[in-house]
$ cat model17.cif   # mmCIF, C-alpha atoms and all ligand atoms
data_data
#
loop_
_atom_site.label_atom_id
_atom_site.label_comp_id
_atom_site.auth_asym_id
_atom_site.auth_seq_id
_atom_site.Cartn_x
_atom_site.Cartn_y
_atom_site.Cartn_z
CA MET A 1 0.00 0.00 0.00
CA SER A 2 0.98 3.62 -0.38
CA LEU A 3 -0.36 6.87 1.06
CA THR A 4 -2.92 8.83 -0.97
CA LEU A 5 -2.07 12.52 -1.04
CA ASN A 6 -3.70 15.53 -2.65
CA GLN A 7 -1.31 16.04 -5.60
CA ASP A 8 -2.55 19.48 -6.59
CA ARG A 9 -0.37 21.34 -4.08
CA GLU A 10 2.56 23.74 -4.36
CA PHE A 11 4.43 22.26 -1.37
CA ASP A 12 5.18 18.60 -0.77
CA ILE A 13 5.72 19.15 2.93
CA ILE A 14 5.42 21.98 5.42
CA ALA A 15 7.00 21.39 8.83
CA ILE A 16 6.04 23.21 12.04
CA GLY A 17 8.15 23.49 15.19
CA ARG A 18 11.70 24.38 16.06
CA ALA A 19 14.53 25.53 13.89
CA ALA A 20 17.53 25.94 16.16
CA ILE A 21 21.29 25.51 16.42
CA ASP A 22 23.32 22.30 16.85
CA LEU A 23 26.87 22.59 18.19
CA ASN A 24 28.48 19.24 17.47
CA ALA A 25 31.64 18.22 19.28
CA ASN A 26 34.69 18.21 17.04
CA GLU A 27 36.64 15.99 19.42
CA TYR A 28 35.36 12.42 19.46
CA ASN A 29 35.34 9.92 22.29
CA ARG A 30 35.49 12.36 25.15
CA PRO A 31 33.05 13.88 27.62
CA MET A 32 31.54 17.33 27.11
CA GLU A 33 33.68 18.74 29.93
CA GLU A 34 36.80 18.00 27.88
CA THR A 35 35.36 19.01 24.52
CA MET A 36 36.84 22.33 23.50
CA THR A 37 35.54 22.97 20.00
CA PHE A 38 32.23 22.51 18.25
CA THR A 39 30.97 22.97 14.70
CA LYS A 40 27.78 24.92 14.22
CA TYR A 41 24.89 23.56 12.15
CA VAL A 42 21.21 24.33 11.82
CA GLY A 43 19.31 21.85 13.98
CA GLY A 44 15.94 21.12 15.52
CA SER A 45 14.13 17.97 14.51
CA PRO A 46 11.46 19.48 12.20
CA ALA A 47 14.05 21.82 10.62
CA ASN A 48 16.32 18.83 10.01
CA ILE A 49 13.40 16.96 8.41
CA ALA A 50 12.61 19.95 6.16
CA ILE A 51 16.29 20.22 5.18
CA GLY A 52 16.49 16.47 4.49
CA SER A 53 13.31 16.63 2.38
CA SER A 54 14.60 19.58 0.38
CA LYS A 55 17.92 17.83 -0.26
CA LEU A 56 15.89 14.92 -1.67
CA GLY A 57 14.27 17.33 -4.13
CA LEU A 58 10.95 17.94 -2.37
CA LYS A 59 9.41 21.40 -2.15
CA ALA A 60 9.48 22.13 1.58
CA GLY A 61 8.20 25.01 3.70
CA PHE A 62 8.57 25.82 7.38
CA ILE A 63 6.48 27.47 10.10
CA GLY A 64 8.37 28.53 13.21
CA LYS A 65 9.80 31.30 15.36
CA ILE A 66 13.50 32.13 15.65
CA SER A 67 15.54 34.69 17.58
CA GLN A 68 16.01 38.15 16.14
CA ASP A 69 19.79 37.98 16.27
CA GLN A 70 22.78 36.52 14.44
CA HIS A 71 21.70 32.93 15.21
CA GLY A 72 18.20 33.56 13.86
CA ASN A 73 19.68 35.15 10.74
CA PHE A 74 21.97 32.14 10.27
CA ILE A 75 19.09 29.67 10.60
CA LYS A 76 16.86 31.52 8.15
CA GLN A 77 19.64 32.04 5.59
CA TYR A 78 20.79 28.42 5.78
CA MET A 79 17.27 27.08 5.29
CA GLN A 80 16.67 29.47 2.42
CA ASP A 81 19.95 28.42 0.79
CA LYS A 82 18.82 24.80 1.06
CA GLY A 83 15.72 25.63 -1.00
CA ILE A 84 13.19 25.78 1.85
CA ASP A 85 10.46 28.39 1.73
CA THR A 86 11.07 30.55 4.81
CA SER A 87 8.22 33.03 4.27
CA ASN A 88 6.40 31.68 7.35
CA ILE A 89 9.37 31.73 9.70
CA VAL A 90 8.97 34.71 12.02
CA PHE A 91 11.49 36.51 14.23
CA ASP A 92 10.78 36.80 17.95
CA THR A 93 10.42 40.49 18.80
CA ASP A 94 10.31 39.89 22.59
CA GLY A 95 13.94 38.89 22.94
CA HIS A 96 13.52 35.09 23.19
CA LYS A 97 16.56 33.21 21.94
CA SER A 98 16.82 30.24 19.58
CA GLY A 99 17.64 26.95 21.30
CA LEU A 100 21.16 25.51 21.38
CA THR A 101 21.97 21.81 21.34
CA PHE A 102 25.48 20.70 22.32
CA THR A 103 26.39 17.15 21.42
CA GLU A 104 28.71 14.79 23.26
CA ILE A 105 30.29 11.82 21.51
CA LEU A 106 31.64 9.58 24.30
CA SER A 107 31.82 6.68 21.84
CA PRO A 108 29.86 5.83 18.69
CA GLU A 109 27.32 4.03 20.89
CA GLU A 110 27.27 6.50 23.77
CA CYS A 111 26.17 9.87 22.53
CA SER A 112 24.14 12.44 24.35
CA ILE A 113 22.80 15.88 23.70
CA LEU A 114 22.66 18.82 26.06
CA MET A 115 19.93 21.26 25.17
CA TYR A 116 19.67 24.90 26.23
CA ARG A 117 15.96 25.43 25.81
CA ASP A 118 14.82 27.77 28.56
CA LYS A 119 12.25 30.24 27.14
CA VAL A 120 13.32 29.43 23.58
CA ALA A 121 11.86 31.40 20.69
CA ASP A 122 10.30 28.36 18.96
CA LEU A 123 7.95 27.77 21.91
CA TYR A 124 6.62 31.34 21.56
CA LEU A 125 5.11 30.76 18.12
CA ASP A 126 1.57 32.10 18.40
CA SER A 127 -1.57 30.72 16.75
CA THR A 128 -2.06 34.09 15.02
CA GLU A 129 1.26 33.46 13.26
CA VAL A 130 -0.03 30.26 11.65
CA ASN A 131 -1.49 30.97 8.25
CA GLU A 132 -4.29 28.76 6.83
CA ASP A 133 -3.61 29.91 3.25
CA TYR A 134 -0.05 28.64 3.61
CA ILE A 135 -0.95 25.26 5.12
CA LYS A 136 -3.53 24.55 2.46
CA LYS A 137 -0.80 24.71 -0.18
CA ALA A 138 0.81 21.53 1.23
CA LYS A 139 0.41 17.79 0.65
CA MET A 140 1.49 17.11 4.23
CA LEU A 141 2.02 18.95 7.50
CA LEU A 142 4.84 17.58 9.65
CA VAL A 143 4.21 18.24 13.35
CA SER A 144 6.97 17.89 15.93
CA GLY A 145 5.81 16.66 19.37
CA THR A 146 8.15 19.06 21.15
CA ALA A 147 6.18 22.00 19.80
CA LEU A 148 3.27 20.82 21.99
CA ALA A 149 5.30 21.18 25.18
CA GLN A 150 4.29 24.74 26.07
CA SER A 151 1.87 27.50 25.22
CA PRO A 152 1.60 29.44 22.97
CA SER A 153 3.41 27.03 20.60
CA ARG A 154 1.00 24.26 21.71
CA GLU A 155 -2.05 26.21 20.52
CA ALA A 156 -0.23 27.27 17.34
CA VAL A 157 0.33 23.61 16.47
CA LEU A 158 -3.24 22.61 17.33
CA GLN A 159 -4.42 25.46 15.10
CA ALA A 160 -2.14 24.25 12.27
CA ILE A 161 -3.56 20.72 12.59
CA GLN A 162 -7.09 22.10 12.39
CA TYR A 163 -6.22 24.00 9.21
CA ALA A 164 -4.59 20.90 7.72
CA LYS A 165 -7.60 18.70 8.40
CA LYS A 166 -9.98 21.28 7.00
CA ASN A 167 -7.96 21.49 3.77
CA ASP A 168 -7.17 17.83 3.06
CA VAL A 169 -3.52 18.10 4.12
CA LYS A 170 -2.19 14.87 5.66
CA VAL A 171 -1.01 15.32 9.25
CA ILE A 172 2.25 13.53 10.05
CA PHE A 173 3.07 13.45 13.77
CA GLU A 174 6.74 12.88 14.69
CA LEU A 175 6.66 12.25 18.45
CA ASP A 176 10.14 13.83 18.85
CA TYR A 177 10.16 13.55 22.65
CA ARG A 178 12.67 15.84 24.39
CA PRO A 179 12.10 15.44 28.15
CA TYR A 180 13.72 18.75 29.18
CA THR A 181 11.05 20.75 27.37
CA TRP A 182 8.14 19.22 29.29
CA LYS A 183 6.90 19.83 32.85
CA SER A 184 5.86 16.19 33.36
CA THR A 185 5.39 12.94 31.46
CA GLU A 186 1.67 13.03 32.37
CA GLU A 187 1.34 16.27 30.42
CA THR A 188 3.27 14.79 27.48
CA ALA A 189 1.01 11.73 27.43
CA ILE A 190 -2.12 13.89 27.25
CA TYR A 191 -0.97 16.02 24.32
CA TYR A 192 0.73 13.18 22.47
CA SER A 193 -2.45 11.08 22.58
CA LEU A 194 -4.62 14.02 21.57
CA VAL A 195 -2.53 14.74 18.48
CA ALA A 196 -1.69 11.12 17.57
CA GLU A 197 -5.40 10.27 17.52
CA GLN A 198 -5.99 13.07 14.99
CA SER A 199 -2.97 12.33 12.81
CA ASP A 200 -2.88 10.38 9.56
CA VAL A 201 0.64 9.06 10.12
CA VAL A 202 2.43 8.72 13.47
CA ILE A 203 6.20 8.14 13.65
CA GLY A 204 8.14 7.51 16.85
CA THR A 205 10.54 5.27 18.70
CA ARG A 206 9.22 2.53 20.97
CA ASP A 207 10.40 4.65 23.93
CA GLU A 208 8.39 7.63 22.70
CA TYR A 209 5.21 5.57 22.38
CA ASP A 210 5.87 4.35 25.94
CA VAL A 211 5.76 7.96 27.14
CA MET A 212 2.52 8.51 25.24
CA GLU A 213 1.06 5.38 26.83
CA LYS A 214 2.34 6.23 30.33
CA LEU A 215 4.35 2.99 30.54
CA ASN A 216 7.36 2.46 32.77
CA SER A 217 8.66 -0.46 30.74
CA THR A 218 8.82 -1.34 27.06
CA GLY A 219 5.32 -1.52 25.62
CA ASP A 220 3.74 -3.76 23.07
CA ASN A 221 3.46 -2.54 19.45
CA GLU A 222 0.21 -4.47 18.99
CA LYS A 223 -1.42 -2.54 21.85
CA THR A 224 -0.17 0.75 20.43
CA ILE A 225 -1.65 0.16 16.99
CA HIS A 226 -4.87 -1.28 18.40
CA HIS A 227 -5.42 2.02 20.19
CA LEU A 228 -4.43 4.33 17.31
CA PHE A 229 -6.40 2.45 14.66
CA GLN A 230 -9.58 3.05 16.65
CA HIS A 231 -9.09 6.69 15.72
CA HIS A 232 -8.06 8.49 12.59
CA THR A 233 -4.59 7.08 11.96
CA GLU A 234 -3.85 5.19 8.75
CA LEU A 235 -0.15 4.39 9.25
CA VAL A 236 1.88 3.86 12.43
CA VAL A 237 5.68 3.67 12.32
CA ILE A 238 7.51 2.32 15.37
CA LYS A 239 11.31 2.54 15.40
CA HIS A 240 13.57 0.24 17.40
CA GLY A 241 17.04 1.76 16.83
CA VAL A 242 19.53 -0.66 15.26
CA ASP A 243 16.94 -3.41 15.49
CA GLY A 244 15.02 -1.70 12.68
CA SER A 245 11.49 -0.37 12.38
CA TYR A 246 7.93 -1.41 11.60
CA ALA A 247 5.09 0.19 9.62
CA TYR A 248 1.60 -0.95 10.57
CA GLU A 249 -1.56 -0.59 8.51
CA PRO A 250 -5.13 -0.72 9.89
CA ASP A 251 -5.93 -3.93 7.94
CA GLY A 252 -3.33 -5.82 9.98
CA THR A 253 -0.50 -5.65 7.43
CA VAL A 254 2.92 -5.20 9.03
CA HIS A 255 6.06 -4.16 7.17
CA ARG A 256 9.51 -4.57 8.70
CA GLY A 257 12.47 -2.32 7.87
CA GLN A 258 15.99 -3.54 8.61
CA ALA A 259 18.62 -1.07 9.78
CA TYR A 260 21.62 -0.90 7.44
CA LYS A 261 24.75 -1.47 9.52
CA THR A 262 27.47 1.12 9.04
CA LYS A 263 30.53 2.60 10.71
CA VAL A 264 28.71 4.79 13.24
CA LEU A 265 30.27 8.11 14.22
CA LYS A 266 27.38 9.23 16.43
CA THR A 267 23.80 8.12 16.95
CA PHE A 268 21.90 11.43 16.85
CA GLY A 269 20.42 12.51 13.54
CA ALA A 270 19.09 9.01 12.85
CA GLY A 271 15.45 9.86 13.55
CA ASP A 272 15.32 13.05 11.49
CA SER A 273 17.08 11.61 8.46
CA TYR A 274 14.86 8.54 8.69
CA ALA A 275 11.71 10.70 8.74
CA SER A 276 12.72 12.87 5.79
CA ALA A 277 13.51 9.93 3.50
CA PHE A 278 10.52 7.88 4.69
CA LEU A 279 8.20 10.81 3.92
CA TYR A 280 9.97 11.47 0.61
CA ALA A 281 9.13 7.92 -0.45
CA LEU A 282 5.48 8.32 0.62
CA ILE A 283 5.22 11.60 -1.32
CA LYS A 284 6.67 9.91 -4.40
CA GLY A 285 3.94 7.25 -4.16
CA LYS A 286 6.29 4.43 -3.18
CA ASP A 287 4.93 1.52 -1.13
CA TYR A 288 5.49 1.31 2.63
CA GLU A 289 8.13 -1.42 2.28
CA THR A 290 10.22 0.88 0.07
CA ALA A 291 9.61 3.86 2.36
CA LEU A 292 11.06 1.87 5.28
CA LYS A 293 14.15 1.10 3.20
CA PHE A 294 14.54 4.78 2.30
CA GLY A 295 14.23 5.84 5.95
CA SER A 296 16.72 3.23 7.16
CA ALA A 297 19.24 3.97 4.41
CA SER A 298 19.11 7.70 5.04
CA ALA A 299 19.63 7.18 8.79
CA SER A 300 22.52 4.82 8.15
CA ILE A 301 24.25 7.49 6.06
CA VAL A 302 23.70 10.28 8.60
CA VAL A 303 24.92 8.33 11.65
CA SER A 304 28.23 7.85 9.86
CA LYS A 305 28.67 11.63 9.45
CA HIS A 306 29.27 14.59 11.75
CA SER A 307 26.04 16.58 11.52
CA SER A 308 22.32 15.94 11.30
CA SER A 309 21.24 18.64 8.83
CA GLU A 310 24.26 19.18 6.58
CA ALA A 311 24.79 15.42 6.28
CA MET A 312 21.35 14.66 4.84
CA PRO A 313 21.81 12.39 1.79
CA THR A 314 20.66 12.69 -1.81
CA VAL A 315 18.22 10.27 -3.48
CA GLU A 316 21.14 8.76 -5.42
CA GLU A 317 23.11 8.02 -2.22
CA ILE A 318 20.06 6.38 -0.64
CA GLU A 319 19.26 4.29 -3.71
CA GLN A 320 22.88 3.21 -4.06
CA LEU A 321 23.00 2.00 -0.45
CA ILE A 322 19.73 0.08 -0.84
CA ARG A 323 21.03 -1.51 -4.07
CA GLU A 324 24.35 -2.50 -2.48
CA ARG A 325 22.62 -4.14 0.50
CA SER A 326 19.81 -5.95 -1.36
N1 LIG B 401 23.56 2.60 14.81
C1 LIG B 401 22.79 2.61 13.72
N2 LIG B 401 23.25 2.13 12.54
C2 LIG B 401 22.49 2.13 11.42
N3 LIG B 401 21.22 2.57 11.40
C3 LIG B 401 20.69 3.06 12.54
C4 LIG B 401 21.44 3.12 13.77
N4 LIG B 401 20.65 3.63 14.74
C5 LIG B 401 19.47 3.90 14.15
N5 LIG B 401 19.48 3.56 12.85
C6 LIG B 401 18.38 3.68 11.89
O1 LIG B 401 17.66 4.87 12.20
C7 LIG B 401 16.31 4.55 12.49
C8 LIG B 401 15.83 5.46 13.58
O2 LIG B 401 16.63 5.28 14.71
P1 LIG B 401 16.07 5.38 16.19
O3 LIG B 401 17.27 5.31 17.09
O4 LIG B 401 15.04 4.33 16.38
O5 LIG B 401 15.36 6.79 16.17
P2 LIG B 401 15.70 8.16 16.92
O6 LIG B 401 16.99 8.65 16.35
O7 LIG B 401 14.52 9.01 16.59
O8 LIG B 401 15.82 7.83 18.39
C9 LIG B 401 16.29 3.08 12.85
O9 LIG B 401 15.05 2.49 12.55
C10 LIG B 401 17.41 2.53 11.98
O10 LIG B 401 16.95 2.22 10.68
O1 LIG B 402 16.14 18.20 17.54
C1 LIG B 402 16.98 18.96 18.05
O2 LIG B 402 16.69 20.06 18.54
C2 LIG B 402 18.40 18.50 18.07
C3 LIG B 402 18.81 17.97 16.70
O3 LIG B 402 19.07 19.04 15.82
C4 LIG B 402 20.01 17.05 16.82
O4 LIG B 402 20.70 17.01 15.63
C5 LIG B 402 19.50 15.70 17.18
O5 LIG B 402 19.47 15.36 18.33
C6 LIG B 402 18.95 14.87 16.10
O6 LIG B 402 18.66 13.60 16.60
P1 LIG B 402 17.45 12.70 16.10
O7 LIG B 402 16.19 13.31 16.60
O8 LIG B 402 17.77 11.38 16.65
O9 LIG B 402 17.46 12.69 14.60
#
$ encode --input "model17.cif" --output "structure tokens"
Amino acid sequence: MSLTLNQDREFDIIAIGRAAIDLNANEYNRPMEETMTFTKYVGGSPANIAIGSSKLGLKAGFIGKISQDQHGNFIKQYMQDKGIDTSNIVFDTDGHKSGLTFTEILSPEECSILMYRDKVADLYLDSTEVNEDYIKKAKMLLVSGTALAQSPSREAVLQAIQYAKKNDVKVIFELDYRPYTWKSTEETAIYYSLVAEQSDVVIGTRDEYDVMEKLNSTGDNEKTIHHLFQHHTELVVIKHGVDGSYAYEPDGTVHRGQAYKTKVLKTFGAGDSYASAFLYALIKGKDYETALKFGSASASIVVSKHSSSEAMPTVEEIEQLIRERS
């Protein structure tokens, strides 16, 4: 099966949420305390997904709020240079700053991120800054779960979803759970369920679904899909790191995607590169099996490189990897 999208749209994908800054450690295999230099990239999960989509040749747009300073200018310019429509990215006029993410590469398997996200500009996006005429130009709206963490961004996202549903735009919900942005897991569970139940496609790691389901241990994929398929959802993707991923359809069909082993430099960036290539395949009308391969191949390429955004692969690189491993 493949996803049916309204083809008569200017944009393939519009993402809503944070566009921020990643500062990735230049020195490998050492703790943050001993890391002296970092390379700056544009970051933020939905921004990374928009950048990945654009690199794959999709027409991408972005809705979000950035700081009115040099970092905001850098983010907007970089996204524009990558071919993303930035007309609906607004500057924060109240002095809120764009978020910073520092990365630590202790070893290829032990990576962590340290986020500076207190009062960040992206969480001050207001519902009045979300434009229905813009959203209705898209085939899909990509919603990042982190944008639901606080008001007014929460209402802005709920407004965007309403506009999407009214205008036959598929809602893709990337759970994108970042604990430090939320007050409590109870609050996360409430908003994740609310949005997942309204979404056409839900993508997340098993751990993220566990948060949504208020579980303290690893949950059961069958229970997750049973719940979501009672609502609006038509495709559920559950990722299990190096153990691969699954795409579930309401008729009981399950597709399994294998991870493509590689020489891993760092583990972050996997989820965003996976999402952009998975969604690219859906937009191009490919079947779910192929979309899983695209997602996995893209992630495999990005975990072997230094950044999340700048490292996003081309269609040719993805197809070559899939060919080599088939
Ligand atoms: N170490 C790895 N090597 C190769 N592919 C990986 C690796 N880790 C993750 N992936 C791929 O990226 C996908 C998403 O990774 P996962 O860790 O589940 O998501 P997230 O980065 O959102 O936590 C996986 O389904 C897998 O295909
Ligand atoms: O999402 C962020 O704000 C941080 C990202 O830019 C960072 O590159 C990252 O952590 C990506 O990891 P992923 O979500 O596993 O793709």
$ residues_around --input "model17.cif" --residues "stretch 43-49 of chain A" --least-positions-apart "2" --cutoff "7 Å" --atoms "all atoms listed in the file" --output "VMD selection string"
chain A and resid 15 to 22 41 51 to 53 144 272 to 273 275 to 276 308 to 309
$ atom_distance --input "model17.cif" --atom1 "atom CA of A:Pro313" --atom2 "atom CA of A:Ala164"
28.4 Å
$ closest_residue --input "model17.cif" --among "A:Gly269, A:Pro31, A:Gly257, A:Gly64" --to "A:Thr290" --atoms "all atoms listed in the file"
A:Gly257
$ residues_around --input "model17.cif" --residues "stretch 114-117 of chain A" --least-positions-apart "6" --cutoff "6 Å" --atoms "all atoms listed in the file" --output "VMD selection string"
chain A and resid 99 to 102
$ axis_aligned_box --input "model17.cif" --around "ligand LIG 401 (chain B)" --padding-each-side "8 Å" --output "AutoDock Vina command-line options"
--center_x 19.0 --center_y 5.6 --center_z 14.5 --size_x 25.0 --size_y 22.9 --size_z 23.7
$ residues_near_ligand --input "model17.cif" --ligand "ligand LIG 401 (chain B)" --cutoff "7 Å" --atoms "all atoms listed in the file" --output "ChimeraX atom specification"
/A:176,204-205,239-245,257-262,264,267-272,274,295-297,299-300,303
$ closest_residue --input "model17.cif" --among "A:Met1, A:Leu194, A:Val120, A:Ile13" --to "ligand LIG 402 (chain B)" --atoms "all atoms listed in the file"
A:Val120
$ residues_around --input "model17.cif" --residues "A:Glu132" --least-positions-apart "6" --cutoff "9 Å" --atoms "all atoms listed in the file" --output "list of chain:residue names"
A:Gln159, A:Ala160, A:Tyr163, A:Ala164, A:Asn167
$ write_last_selection --input "model17.cif" --atoms "C-alpha atoms" --output "PDB file, in the frame of the given file"
ATOM      1  CA  GLN A 159      -4.420  25.460  15.100  1.00  0.00           C
ATOM      2  CA  ALA A 160      -2.140  24.250  12.270  1.00  0.00           C
ATOM      3  CA  TYR A 163      -6.220  24.000   9.210  1.00  0.00           C
ATOM      4  CA  ALA A 164      -4.590  20.900   7.720  1.00  0.00           C
ATOM      5  CA  ASN A 167      -7.960  21.490   3.770  1.00  0.00           C
TER       6      ASN A 167
END
$ residues_near_point --input "model17.cif" --point "(2.2, 6.4, 8.2)" --cutoff "10 Å" --atoms "all atoms listed in the file" --output "list of chain:residue names"
A:Ser2, A:Leu3, A:Lys170, A:Val171, A:Ile172, A:Phe173, A:Ser199, A:Asp200, A:Val201, A:Val202, A:Ile203, A:Thr233, A:Glu234, A:Leu235, A:Val236, A:Val237, A:Ile238, A:Ala247, A:Tyr248, A:Glu249, A:Phe278, A:Leu279, A:Leu282, A:Tyr288, A:Ala291
$ closest_residue --input "model17.cif" --among "A:Gln70, A:Asn24, A:Thr224, A:Asn29" --to "ligand LIG 402 (chain B)" --atoms "only C-alpha atoms and all ligand atoms"
A:Asn24
$ closest_residue --input "model17.cif" --among "A:Ile89, A:Val143, A:Val302, A:Ile225" --to "ligand LIG 402 (chain B)" --atoms "all atoms listed in the file"
A:Val302
$ atom_distance --input "model17.cif" --atom1 "atom CA of A:Thr103" --atom2 "atom CA of A:Pro179"
15.9 Å
